[in-house]
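> So here's protein-v3.cif, just mmCIF, C-alpha atoms:
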data_upload
#
loop_
_atom_site.label_atom_id
_atom_site.label_comp_id
_atom_site.auth_asym_id
_atom_site.auth_seq_id
_atom_site.Cartn_x
_atom_site.Cartn_y
_atom_site.Cartn_z
CA MET A 1 -1.15 -12.73 12.85
CA ASN A 2 1.67 -11.93 10.44
CA HIS A 3 0.96 -12.53 6.78
CA GLN A 4 4.41 -12.99 5.28
CA ASN A 5 5.37 -14.78 2.12
CA ASP A 6 9.02 -14.99 1.16
CA ALA A 7 8.30 -16.52 -2.26
CA TYR A 8 7.52 -13.55 -4.50
CA SER A 9 7.76 -13.57 -8.28
CA THR A 10 9.93 -11.33 -10.42
CA LEU A 11 6.78 -9.56 -11.60
CA GLU A 12 5.71 -8.88 -8.02
CA GLU A 13 9.16 -7.45 -7.31
CA HIS A 14 8.76 -5.24 -10.39
CA TRP A 15 5.45 -3.91 -9.06
CA MET A 16 7.03 -3.10 -5.70
CA GLN A 17 9.90 -1.32 -7.47
CA CYS A 18 7.23 0.82 -9.17
CA ALA A 19 5.75 1.63 -5.76
CA LEU A 20 9.23 2.49 -4.45
CA ALA A 21 9.75 4.89 -7.36
CA LEU A 22 6.57 6.70 -6.27
CA ALA A 23 7.86 6.72 -2.68
CA ALA A 24 10.97 8.52 -3.94
CA TYR A 25 8.72 11.09 -5.59
CA ALA A 26 6.97 11.64 -2.25
CA ALA A 27 10.33 12.09 -0.49
CA ALA A 28 11.41 14.67 -3.08
CA GLU A 29 8.23 16.59 -2.24
CA GLY A 30 9.09 16.49 1.50
CA GLU A 31 6.46 13.85 2.25
CA VAL A 32 7.00 10.56 4.09
CA PRO A 33 8.22 8.24 1.31
CA VAL A 34 5.42 5.76 0.74
CA GLY A 35 4.30 4.74 -2.72
CA ALA A 36 1.51 2.49 -3.97
CA ILE A 37 0.28 1.06 -7.25
CA LEU A 38 -2.89 -0.81 -8.05
CA VAL A 39 -2.63 -3.57 -10.65
CA LYS A 40 -5.40 -5.28 -12.60
CA GLN A 41 -4.70 -7.98 -15.19
CA ASN A 42 -0.97 -7.15 -15.13
CA GLN A 43 -1.59 -3.45 -15.89
CA ILE A 44 -1.10 -0.52 -13.53
CA VAL A 45 -4.52 1.09 -13.12
CA GLY A 46 -3.73 3.39 -10.20
CA ARG A 47 -0.73 5.21 -8.77
CA GLY A 48 -0.29 7.08 -5.52
CA TRP A 49 2.26 8.49 -3.14
CA ASN A 50 1.99 10.16 0.23
CA CYS A 51 0.99 13.80 -0.09
CA PRO A 52 -0.98 14.85 3.01
CA ILE A 53 1.30 17.83 3.72
CA GLY A 54 1.27 19.29 0.21
CA SER A 55 -2.41 18.63 -0.38
CA GLN A 56 -3.39 19.64 3.17
CA ASP A 57 -5.41 16.44 3.28
CA PRO A 58 -4.89 13.99 6.17
CA THR A 59 -6.38 11.18 4.04
CA ALA A 60 -3.88 11.61 1.20
CA HIS A 61 -1.90 8.45 1.95
CA ALA A 62 -0.31 6.59 -0.96
CA GLU A 63 -2.91 3.80 -0.85
CA ILE A 64 -5.85 6.23 -0.88
CA GLN A 65 -4.32 8.14 -3.78
CA ALA A 66 -3.82 4.92 -5.77
CA LEU A 67 -7.40 3.82 -5.07
CA ARG A 68 -8.76 7.23 -6.15
CA ASP A 69 -6.66 7.18 -9.33
CA ALA A 70 -7.83 3.66 -10.24
CA ALA A 71 -11.48 4.44 -9.48
CA ARG A 72 -11.34 7.45 -11.82
CA ARG A 73 -9.60 5.49 -14.57
CA LEU A 74 -11.89 2.46 -14.30
CA GLY A 75 -15.05 4.45 -13.69
CA ASN A 76 -16.02 2.52 -10.57
CA TYR A 77 -15.49 2.91 -6.84
CA ARG A 78 -15.38 -0.88 -6.53
CA LEU A 79 -12.07 -2.35 -7.65
CA PRO A 80 -12.51 -6.15 -7.64
CA GLY A 81 -9.74 -8.26 -9.10
CA THR A 82 -7.08 -5.69 -8.25
CA GLU A 83 -3.85 -6.00 -6.29
CA LEU A 84 -2.32 -3.16 -4.30
CA TYR A 85 1.45 -2.99 -3.93
CA VAL A 86 2.55 -0.54 -1.25
CA SER A 87 5.96 0.12 0.23
CA LEU A 88 4.67 0.37 3.84
CA GLU A 89 2.06 -1.73 5.62
CA PRO A 90 -1.32 0.03 5.38
CA CYS A 91 -2.74 1.86 8.39
CA PRO A 92 -6.31 1.25 9.66
CA MET A 93 -7.72 4.12 7.56
CA CYS A 94 -6.19 2.72 4.39
CA ALA A 95 -7.22 -0.84 5.28
CA GLY A 96 -10.82 0.37 5.59
CA ALA A 97 -10.67 2.02 2.17
CA ILE A 98 -9.10 -1.12 0.69
CA LEU A 99 -11.96 -3.21 2.07
CA HIS A 100 -14.62 -0.79 0.80
CA ALA A 101 -13.00 -0.78 -2.66
CA ARG A 102 -13.07 -4.61 -2.70
CA VAL A 103 -9.36 -4.92 -3.53
CA ALA A 104 -8.50 -8.61 -3.86
CA ARG A 105 -4.96 -8.56 -2.49
CA VAL A 106 -2.46 -6.27 -0.76
CA VAL A 107 1.29 -6.81 -0.90
CA TYR A 108 3.38 -4.52 1.27
CA GLY A 109 7.09 -4.04 1.82
CA ALA A 110 8.05 -2.70 5.25
CA ARG A 111 6.06 -3.45 8.38
CA ASP A 112 4.65 -0.59 10.45
CA PRO A 113 5.15 -1.57 14.10
CA ARG A 114 3.33 1.58 15.27
CA GLY A 115 0.13 1.45 13.25
CA GLY A 116 0.15 -1.34 10.69
CA ALA A 117 -3.26 -2.88 10.01
CA CYS A 118 -2.13 -6.03 8.23
CA GLY A 119 -0.76 -7.96 11.17
CA SER A 120 1.80 -5.73 12.91
CA VAL A 121 -0.54 -3.89 15.28
CA PHE A 122 -4.01 -4.59 13.90
CA ASP A 123 -5.10 -7.43 11.64
CA LEU A 124 -7.93 -6.04 9.54
CA LEU A 125 -6.88 -7.74 6.29
CA PRO A 126 -7.97 -10.62 5.91
CA SER A 127 -8.51 -11.97 9.38
CA ASP A 128 -11.37 -9.83 10.66
CA ASN A 129 -14.51 -11.86 9.96
CA ARG A 130 -16.80 -8.95 10.83
CA PHE A 131 -16.35 -7.38 7.39
CA ASN A 132 -18.37 -8.54 4.40
CA HIS A 133 -15.26 -8.51 2.18
CA ARG A 134 -11.88 -10.11 2.74
CA THR A 135 -8.65 -8.94 1.20
CA ASP A 136 -5.67 -11.25 1.05
CA CYS A 137 -2.56 -9.63 2.52
CA GLN A 138 1.12 -10.51 2.33
CA GLY A 139 4.07 -8.59 3.67
CA GLY A 140 7.82 -8.46 3.38
CA LEU A 141 8.30 -7.95 -0.37
CA LEU A 142 11.59 -6.04 -0.75
CA GLU A 143 11.22 -5.31 2.95
CA GLN A 144 14.79 -4.14 3.55
CA GLN A 145 14.75 -1.75 0.61
CA CYS A 146 11.35 -0.35 1.61
CA ALA A 147 12.40 0.08 5.25
CA GLU A 148 15.70 1.72 4.28
CA THR A 149 13.84 4.25 2.13
CA LEU A 150 11.91 5.33 5.22
CA ARG A 151 14.96 5.27 7.53
CA ALA A 152 17.01 7.40 5.11
CA PHE A 153 14.22 9.96 4.86
CA PHE A 154 13.91 10.34 8.63
CA ARG A 155 17.72 10.40 9.13
CA ALA A 156 17.96 13.30 6.68
CA ARG A 157 15.26 15.23 8.53
CA ARG A 158 17.00 15.05 11.92
#
Mind turning this structure into structure tokens?

Amino acid sequence: MNHQNDAYSTLEEHWMQCALALAAYAAAEGEVPVGAILVKQNQIVGRGWNCPIGSQDPTAHAEIQALRDAARRLGNYRLPGTELYVSLEPCPMCAGAILHARVARVVYGARDPRGGACGSVFDLLPSDNRFNHRTDCQGGLLEQQCAETLRAFFRARR
């Protein structure tokens, strides 16, 4: 199932632009350019970008970093009422962390046809009824810009 919504607000586009700025930071560090922000009550409470190479941590995806940042700032590993904006569709590992954190909604930019867990390959958010929490998920926000960020990074590395 593909969870796409073409009707995004200007504020949602702003949040994705913030995530894309973090993706650019990751690219400058030689990491795959993915950025994520966590928003609660129209405030950024967590920021993250891909850094598994530099941190020597295979779990250091942008989403995980944003969740960790928000949990520290808010003083709670549960993050209800939050929205995660991420430039690439979350993978199964990140989807699991999103569910455990009780994130209310995920909005992603580019689809991941190789490992996306929000409808492209797997559909863990929100369709899997086996979990005790459901996270709304929508994709395609600034999709072309998000996808081009990734394409440009990989073109430059060839």
> With distances taken over only C-alpha atoms, which residue among A:Trp15, A:Phe131, A:Phe122, A:Tyr85 lies nearest Val106 of chain A?
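Closest to Val106 of chain A of all the choices is A:Tyr85.
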> Please list as a list of chain:residue names every residue within 8 Å of segment 107-110 of chain A, counting all atoms listed in the file and excluding residues in the same chain fewer than 6 positions away.
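So, after excluding close chain neighbours, the residues are A:Met16, A:Glu83, A:Leu84, A:Tyr85, A:Val86, A:Ser87, A:Leu88, A:Glu89, A:Pro90, A:Cys137, A:Gln138, A:Gly139, A:Gly140, A:Leu141, A:Leu142, A:Glu143, A:Gln144, A:Cys146, A:Ala147.
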> Once the PyMOL selection byres ((chain A and resi 17-20) around 6) has been applied to the shown file, what residues remain in the selection, as a list in words?
His14, Trp15, Met16, Ala21, Leu22, Ala23, Gly35, Ala36, Ile37 and Val86 of chain A
> Skipping near chain neighbours, those fewer than 4 positions away, what residues fall within 8 Å of segment 117-120 of chain A using all atoms listed in the file, listed as a list in words?
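Surrounding residues, per the criterion: Met1, Asn2, His3, Glu89, Pro90, Cys91, Pro92, Ala95, Arg111, Asp112, Pro113, Leu124, Leu125, Pro126 and Cys137 of chain A.
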> I need the residues from that last selection saved to file as a PDB file, in the coordinates of the input (with C-alpha atoms), if you can.

ATOM      1  CA  MET A   1      -1.150 -12.730  12.850  1.00  0.00           C
ATOM      2  CA  ASN A   2       1.670 -11.930  10.440  1.00  0.00           C
ATOM      3  CA  HIS A   3       0.960 -12.530   6.780  1.00  0.00           C
ATOM      4  CA  GLU A  89       2.060  -1.730   5.620  1.00  0.00           C
ATOM      5  CA  PRO A  90      -1.320   0.030   5.380  1.00  0.00           C
ATOM      6  CA  CYS A  91      -2.740   1.860   8.390  1.00  0.00           C
ATOM      7  CA  PRO A  92      -6.310   1.250   9.660  1.00  0.00           C
ATOM      8  CA  ALA A  95      -7.220  -0.840   5.280  1.00  0.00           C
ATOM      9  CA  ARG A 111       6.060  -3.450   8.380  1.00  0.00           C
ATOM     10  CA  ASP A 112       4.650  -0.590  10.450  1.00  0.00           C
ATOM     11  CA  PRO A 113       5.150  -1.570  14.100  1.00  0.00           C
ATOM     12  CA  LEU A 124      -7.930  -6.040   9.540  1.00  0.00           C
ATOM     13  CA  LEU A 125      -6.880  -7.740   6.290  1.00  0.00           C
ATOM     14  CA  PRO A 126      -7.970 -10.620   5.910  1.00  0.00           C
ATOM     15  CA  CYS A 137      -2.560  -9.630   2.520  1.00  0.00           C
TER      16      CYS A 137
END
> Just give me the residues with any atom within 10 Å of (13.8, 13.6, 0.7), file coordinates, counting all atoms listed in the file, written as an NGL selection string.
:A and (23-33 or 149-150 or 152-157)
> A:His100, A:Gly81, A:Glu63, A:Gly75: which is nearest Gln41 of chain A, counting only C-alpha atoms?
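The closest residue to Gln41 of chain A is A:Gly81.
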> From the list A:Arg47, A:Arg151, A:Arg78, A:Arg114, which residue is nearest Ile98 of chain A when using all atoms listed in the file?
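Distance minimum relative to Ile98 of chain A lands on A:Arg78.
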> What does the structure give for the distance between atom CA of Ala104 of chain A and atom CA of Ile53 of chain A, in Å to one decimal?
29.2 Å
> Calculated over only C-alpha atoms, which of the candidates A:Gly116, A:Cys94, A:Thr82, A:Asn76 has the smallest distance to Asp136 of chain A?
A:Thr82
> Given only C-alpha atoms as the basis, pick out the residue of A:Ala97, A:Asn42, A:Arg105, A:Ala66 nearest to Pro80 of chain A.
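Between A:Ala97, A:Asn42, A:Arg105, A:Ala66, the residue approaching Pro80 of chain A most closely is A:Arg105.
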> Figure out the distance between atom CA of Arg72 of chain A and atom CA of Arg102 of chain A, please, to one decimal in Å.
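Going from atom CA of Arg102 of chain A over to atom CA of Arg72 of chain A, I get 15.2 Å.
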> Quick one: distance from atom CA of Asn129 of chain A to atom CA of Arg68 of chain A in Å, one decimal?
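Going from atom CA of Asn129 of chain A over to atom CA of Arg68 of chain A covers 25.6 Å.
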> Padding of 6 Å on every side, edges along x, y and z, all listed atoms of segment 123-140 of chain A included: what centre and edge lengths in Å, to one decimal, does that box have, as AutoDock Vina command-line options?

--center_x -5.3 --center_y -9.0 --center_z 6.3 --size_x 38.2 --size_y 17.9 --size_z 22.6
